[in-house]
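Working notes for the structure below.
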Amino acid sequence: MRPSTTVTGTGRLAMRAKVPEITAMFWLIKVLTTGMGEAASDYLGTVSLVLAGAIGVIGLVVALALQLRARRYIAPVYWFAVAMVAVFGTMAADALHVALGVPYAGATAFYAVALVVVFVLWYRAEGTLSIHSIVTRRREIYYWVTVLATFALGTAAGDLTAASMHLGYFPSAVLFGVLIALPAIGRRLGLNGIAAFWIAYVLTRPLGASVADWLGKPHHPDGGLGFGDGTVAGLATLAIVALVGYVTVARTDIQPEIGTHPEPVAAEA
């Protein structure tokens with residue numbers, strides 16, 4: 001059956017929501033993709049920088065093309081896009097530091113500013129940053145640009161705490177694990193739901209990447225457990241496939257049809 005569409009008040013064709021409902025499963029898969037992206041990027045970089053770059057760019061283009069062509073949320077397509085953004089976002093952050101010599105603090109500040117600019121442009125154009133409003137092509141494009149910026153920012157922030165601030169991988173994971181609880185607490189104290197969501201979304205990246213680095217990097221001198229980046233990437237990928245397979249069958253992550261109105265959404269549910 002062809003997915004329902006309608007025309008918004010501005011004359012733009014609207015679709016069903018193109019992103020999943022925000023549940024505990026969403027956050028679990030999201031953290032796994034961040035860890036997978038970090039480990040896969042690092043592993044591919046040790047094999048061949050050319051190969052890593054090719055996989056990152058081609059994978060991102062193919063994944064986003066599939067996602068943008070879909071007229072509704074399809075779990076495997078959506079999470080494939082997130083996974084490839086994770087790999088490419090890691091490479092983008094690493095390139096700024098390794099290739100151009102930008103310190104991690106500078107890279108973190110750069111991507112933080114980039115993310116703010118995207119948010120401003122998105123809000124000025126659409127009047128909302130709610131993921132429950134991703135029902136037009138333009139909003140979806142803003143969404144994926146935002147996601148890419150959050151991955152790059154999170155990667156740089158994780159490297160900043162682990163390397164530049166000398167916390168190491170495990171303490172960094174603990175730090176971001178604590179910080180990611182703050183938006184949930186803030187939500188109970190009146191923090192805007194959309195702001196809480198995006199703060200948590202950014203923090204999932206350094207949390208997952210720090211855990212992946214702790215598991216994969218050698219014990220000496222990096223302070224990791226030494227399982228290897230390739231092993232960590234492979235196991236994370238298997239876990240992602242299993243969980244995405246589950247939500248595809250169970251359909252527990254489908255947003256309810258709340259209409260395709262273009263009005264701003266004040267806060268997440």
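Going through the structure tokens in order, the chains are called A, B, and so on, while each chain numbers its residues from 1 and the ligands are numbered from 1 in the order shown.
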
Applying 12 Å and only C-alpha atoms, which residues near Leu238 (chain A) remain after dropping the ones on its own chain fewer than 6 positions away? List them as a VMD selection string.
chain A and resid 29 32 to 33 36 231 to 232 244 to 245

Take the residues from that selection and put them in a file with all heavy atoms, as a PDB file, in the first residue's frame.
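As a result, part_27.pdb now contains:
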```pdb
ATOM      1  N   ILE A  29      20.201   1.451  20.337  1.00  0.00           N
ATOM      2  CA  ILE A  29      20.749   1.295  18.983  1.00  0.00           C
ATOM      3  C   ILE A  29      21.622   2.486  18.621  1.00  0.00           C
ATOM      4  O   ILE A  29      22.681   2.337  18.006  1.00  0.00           O
ATOM      5  CB  ILE A  29      19.622   1.116  17.948  1.00  0.00           C
ATOM      6  CG1 ILE A  29      18.785  -0.119  18.262  1.00  0.00           C
ATOM      7  CG2 ILE A  29      20.196   0.995  16.536  1.00  0.00           C
ATOM      8  CD1 ILE A  29      17.570  -0.301  17.364  1.00  0.00           C
ATOM      9  N   LEU A  32      25.008   2.121  20.179  1.00  0.00           N
ATOM     10  CA  LEU A  32      25.749   1.073  19.475  1.00  0.00           C
ATOM     11  C   LEU A  32      26.293   1.576  18.140  1.00  0.00           C
ATOM     12  O   LEU A  32      27.423   1.249  17.759  1.00  0.00           O
ATOM     13  CB  LEU A  32      24.857  -0.144  19.249  1.00  0.00           C
ATOM     14  CG  LEU A  32      24.606  -1.037  20.470  1.00  0.00           C
ATOM     15  CD1 LEU A  32      23.512  -2.052  20.170  1.00  0.00           C
ATOM     16  CD2 LEU A  32      25.898  -1.757  20.886  1.00  0.00           C
ATOM     17  N   THR A  33      25.518   2.382  17.421  1.00  0.00           N
ATOM     18  CA  THR A  33      26.012   2.907  16.143  1.00  0.00           C
ATOM     19  C   THR A  33      27.185   3.852  16.352  1.00  0.00           C
ATOM     20  O   THR A  33      28.110   3.890  15.529  1.00  0.00           O
ATOM     21  CB  THR A  33      24.905   3.643  15.357  1.00  0.00           C
ATOM     22  OG1 THR A  33      24.435   4.774  16.094  1.00  0.00           O
ATOM     23  CG2 THR A  33      23.741   2.719  15.034  1.00  0.00           C
ATOM     24  N   MET A  36      30.147   1.607  17.032  1.00  0.00           N
ATOM     25  CA  MET A  36      30.517   0.928  15.791  1.00  0.00           C
ATOM     26  C   MET A  36      31.223   1.885  14.839  1.00  0.00           C
ATOM     27  O   MET A  36      32.245   1.538  14.234  1.00  0.00           O
ATOM     28  CB  MET A  36      29.257   0.355  15.125  1.00  0.00           C
ATOM     29  CG  MET A  36      29.505  -0.434  13.840  1.00  0.00           C
ATOM     30  SD  MET A  36      29.781   0.584  12.368  1.00  0.00           S
ATOM     31  CE  MET A  36      28.237   1.512  12.293  1.00  0.00           C
ATOM     32  N   THR A 231      37.308  -6.142  15.976  1.00  0.00           N
ATOM     33  CA  THR A 231      36.426  -7.014  16.757  1.00  0.00           C
ATOM     34  C   THR A 231      35.264  -6.235  17.347  1.00  0.00           C
ATOM     35  O   THR A 231      34.102  -6.658  17.287  1.00  0.00           O
ATOM     36  CB  THR A 231      37.212  -7.692  17.887  1.00  0.00           C
ATOM     37  OG1 THR A 231      38.266  -8.481  17.323  1.00  0.00           O
ATOM     38  CG2 THR A 231      36.301  -8.576  18.723  1.00  0.00           C
ATOM     39  N   VAL A 232      35.560  -5.075  17.905  1.00  0.00           N
ATOM     40  CA  VAL A 232      34.515  -4.242  18.500  1.00  0.00           C
ATOM     41  C   VAL A 232      33.519  -3.792  17.433  1.00  0.00           C
ATOM     42  O   VAL A 232      32.296  -3.843  17.645  1.00  0.00           O
ATOM     43  CB  VAL A 232      35.133  -3.025  19.209  1.00  0.00           C
ATOM     44  CG1 VAL A 232      34.044  -2.052  19.667  1.00  0.00           C
ATOM     45  CG2 VAL A 232      35.977  -3.471  20.395  1.00  0.00           C
ATOM     46  N   VAL A 244      17.825  -4.025  15.193  1.00  0.00           N
ATOM     47  CA  VAL A 244      17.044  -3.433  14.103  1.00  0.00           C
ATOM     48  C   VAL A 244      16.093  -4.480  13.524  1.00  0.00           C
ATOM     49  O   VAL A 244      14.946  -4.170  13.173  1.00  0.00           O
ATOM     50  CB  VAL A 244      17.964  -2.861  13.007  1.00  0.00           C
ATOM     51  CG1 VAL A 244      17.154  -2.439  11.781  1.00  0.00           C
ATOM     52  CG2 VAL A 244      18.745  -1.667  13.547  1.00  0.00           C
ATOM     53  N   GLY A 245      16.557  -5.725  13.442  1.00  0.00           N
ATOM     54  CA  GLY A 245      15.670  -6.793  12.999  1.00  0.00           C
ATOM     55  C   GLY A 245      14.474  -6.935  13.924  1.00  0.00           C
ATOM     56  O   GLY A 245      13.336  -7.133  13.473  1.00  0.00           O
TER      57      GLY A 245
END
```

Skipping near chain neighbours, those fewer than 4 positions away, what residues fall within 8 Å of Leu60 (chain A) using only C-alpha atoms, listed as a list in words?
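Contacts, with the query itself left out: Gly56, Leu64, Ala81, Met84, Val85 and Phe88 of chain A.
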
Output of the above residues as a PDB file, in the first residue's frame, restricted to C-alpha atoms:
```
ATOM      1  CA  GLY A  56      32.973   6.419   4.350  1.00  0.00           C
ATOM      2  CA  LEU A  64      21.282   8.797   2.515  1.00  0.00           C
ATOM      3  CA  ALA A  81      21.954   5.778   7.251  1.00  0.00           C
ATOM      4  CA  MET A  84      27.164   5.382   7.795  1.00  0.00           C
ATOM      5  CA  VAL A  85      26.846   8.883   9.239  1.00  0.00           C
ATOM      6  CA  PHE A  88      31.761   9.363   8.127  1.00  0.00           C
TER       7      PHE A  88
END
```

Please provide the set of residues having any atom within 12 Å of Val31 (chain A), restricted to only C-alpha atoms, with same-chain residues fewer than 2 positions apart removed, written as a ChimeraX atom specification.
/A:24-29,33-38,79,82-83,86,151,154,173,176-177,180,200-212,236-237,239-240

Contacts of Asp222 (chain A) at 12 Å (only C-alpha atoms; same-chain gap of 5+ positions) as a ChimeraX atom specification:
/A:162-163,166-170,210,213-217

Kindly export the residues of the current selection with N, CA and C atoms, as a PDB file, in the first residue's frame.
```pdb
ATOM      1  N   ALA A 162      39.406  12.356  26.392  1.00  0.00           N
ATOM      2  CA  ALA A 162      40.265  11.177  26.549  1.00  0.00           C
ATOM      3  C   ALA A 162      41.736  11.511  26.339  1.00  0.00           C
ATOM      4  N   ALA A 163      42.039  12.319  25.318  1.00  0.00           N
ATOM      5  CA  ALA A 163      43.434  12.595  24.957  1.00  0.00           C
ATOM      6  C   ALA A 163      43.934  13.925  25.511  1.00  0.00           C
ATOM      7  N   HIS A 166      43.454  14.127  29.137  1.00  0.00           N
ATOM      8  CA  HIS A 166      44.134  12.975  29.753  1.00  0.00           C
ATOM      9  C   HIS A 166      43.245  12.187  30.722  1.00  0.00           C
ATOM     10  N   LEU A 167      41.950  12.147  30.445  1.00  0.00           N
ATOM     11  CA  LEU A 167      41.074  11.348  31.293  1.00  0.00           C
ATOM     12  C   LEU A 167      41.170   9.866  30.966  1.00  0.00           C
ATOM     13  N   GLY A 168      41.454   9.559  29.704  1.00  0.00           N
ATOM     14  CA  GLY A 168      41.445   8.171  29.284  1.00  0.00           C
ATOM     15  C   GLY A 168      40.061   7.755  28.816  1.00  0.00           C
ATOM     16  N   TYR A 169      39.973   6.553  28.266  1.00  0.00           N
ATOM     17  CA  TYR A 169      38.732   6.109  27.647  1.00  0.00           C
ATOM     18  C   TYR A 169      37.643   5.772  28.665  1.00  0.00           C
ATOM     19  N   PHE A 170      37.973   4.951  29.651  1.00  0.00           N
ATOM     20  CA  PHE A 170      36.942   4.543  30.598  1.00  0.00           C
ATOM     21  C   PHE A 170      36.424   5.712  31.433  1.00  0.00           C
ATOM     22  N   SER A 210      33.694   6.449  23.403  1.00  0.00           N
ATOM     23  CA  SER A 210      34.619   6.213  24.517  1.00  0.00           C
ATOM     24  C   SER A 210      34.574   4.756  24.944  1.00  0.00           C
ATOM     25  N   ASP A 213      36.398   2.728  22.217  1.00  0.00           N
ATOM     26  CA  ASP A 213      37.850   2.890  22.327  1.00  0.00           C
ATOM     27  C   ASP A 213      38.400   2.140  23.535  1.00  0.00           C
ATOM     28  N   TRP A 214      37.679   2.179  24.635  1.00  0.00           N
ATOM     29  CA  TRP A 214      38.113   1.459  25.843  1.00  0.00           C
ATOM     30  C   TRP A 214      38.177  -0.045  25.581  1.00  0.00           C
ATOM     31  N   LEU A 215      37.199  -0.564  24.864  1.00  0.00           N
ATOM     32  CA  LEU A 215      37.181  -1.993  24.564  1.00  0.00           C
ATOM     33  C   LEU A 215      38.220  -2.377  23.515  1.00  0.00           C
ATOM     34  N   GLY A 216      38.419  -1.512  22.517  1.00  0.00           N
ATOM     35  CA  GLY A 216      39.224  -1.904  21.373  1.00  0.00           C
ATOM     36  C   GLY A 216      40.691  -1.551  21.424  1.00  0.00           C
ATOM     37  N   LYS A 217      41.031  -0.436  22.038  1.00  0.00           N
ATOM     38  CA  LYS A 217      42.413   0.021  22.012  1.00  0.00           C
ATOM     39  C   LYS A 217      43.291  -0.832  22.929  1.00  0.00           C
TER      40      LYS A 217
END
```

According to DSSP computed on the backbone, where in region 22-187 of chain A is there alpha helix (DSSP H)? Give the residues as JSON, numbers by chain.
{"A": [24, 25, 26, 27, 28, 29, 30, 31, 32, 33, 34, 35, 36, 37, 38, 39, 40, 41, 42, 43, 44, 45, 46, 47, 49, 50, 51, 52, 53, 54, 55, 56, 57, 58, 59, 60, 61, 62, 63, 64, 65, 66, 67, 68, 69, 75, 76, 77, 78, 79, 80, 81, 82, 83, 84, 85, 86, 87, 88, 89, 90, 91, 92, 93, 94, 95, 96, 97, 98, 104, 105, 106, 107, 108, 109, 110, 111, 112, 113, 114, 115, 116, 117, 118, 119, 120, 121, 122, 123, 124, 125, 126, 137, 138, 139, 140, 141, 142, 143, 144, 145, 146, 147, 148, 149, 150, 151, 152, 153, 154, 155, 156, 157, 158, 159, 169, 170, 171, 172, 173, 174, 175, 176, 177, 178, 179, 181, 182, 183, 184, 185, 186, 187]}

Give me, please, the distance in Å between CA of Glu126 (chain A) and CA of Tyr142 (chain A), quoted to one decimal.
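One can read the CA of Glu126 (chain A) to CA of Tyr142 (chain A) distance as 9.6 Å.
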
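Atom pair CA of Ile254 (chain A) / CA of Arg71 (chain A) has a distance of 13.5 Å (rounded to one decimal).
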
Close residues, Ala125 (chain A) itself excluded, 10 Å, only C-alpha atoms, min 3 positions apart in chain, as a PyMOL selection string
chain A and resi 119-122+128+138-139+142

Would you mind telling me which residue in A:Thr90, A:Thr150, A:Thr161, A:Thr23 lies nearest to Gly53 (chain A) when using only C-alpha atoms?
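The answer is A:Thr90, which sits nearest to Gly53 (chain A).
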
Would you work out the distance separating CA of Arg251 (chain A) from CA of Val147 (chain A), expressed in Å to one decimal?
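Taking CA of Arg251 (chain A) as the start and CA of Val147 (chain A) as the end point, the length is 23.0 Å.
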
Find the residue from A:Met91, A:Leu68, A:Val174, A:Ala17 that sits nearest to Ser41 (chain A); use only C-alpha atoms when measuring.
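Using only C-alpha atoms, the shortest distance to Ser41 (chain A) belongs to A:Met91.
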
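Across A:Val47, A:Val19, A:Ala105, A:Val241, the tightest approach to Asp229 (chain A) is made by A:Val47 when counting only C-alpha atoms.
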
Got a sec: who's within 9 Å of Leu153 (chain A), counting only C-alpha atoms, leaving out chain neighbours fewer than 2 positions off, as a ChimeraX atom specification?
/A:89,93,107-112,114-115,148-151,155-158,202,205-206

Okay, now the selection with C-alpha atoms, as a short mmCIF file (atom, residue, chain, number, x, y, z; two decimals), in the first residue's frame?
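Contents of result.cif, as written:
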```
data_model
loop_
_atom_site.label_atom_id
_atom_site.label_comp_id
_atom_site.auth_asym_id
_atom_site.auth_seq_id
_atom_site.Cartn_x
_atom_site.Cartn_y
_atom_site.Cartn_z
CA GLY A 89 31.32 11.70 11.12
CA ALA A 93 36.39 14.86 13.04
CA ALA A 107 37.73 20.82 16.50
CA THR A 108 35.14 20.55 19.26
CA ALA A 109 34.50 24.30 19.14
CA PHE A 110 34.31 24.26 15.33
CA TYR A 111 31.70 21.51 15.18
CA ALA A 112 29.77 23.03 18.09
CA ALA A 114 28.55 24.36 13.00
CA LEU A 115 25.78 22.57 14.90
CA LEU A 148 26.13 14.53 10.86
CA ALA A 149 27.19 17.60 12.84
CA THR A 150 26.32 15.89 16.15
CA PHE A 151 28.44 12.87 15.26
CA THR A 155 33.74 12.47 18.22
CA ALA A 156 35.85 15.58 18.78
CA ALA A 157 34.49 16.01 22.32
CA GLY A 158 35.29 12.41 23.20
CA VAL A 202 24.96 14.80 21.02
CA ARG A 205 28.32 10.02 20.43
CA PRO A 206 31.23 10.53 22.89
#
```
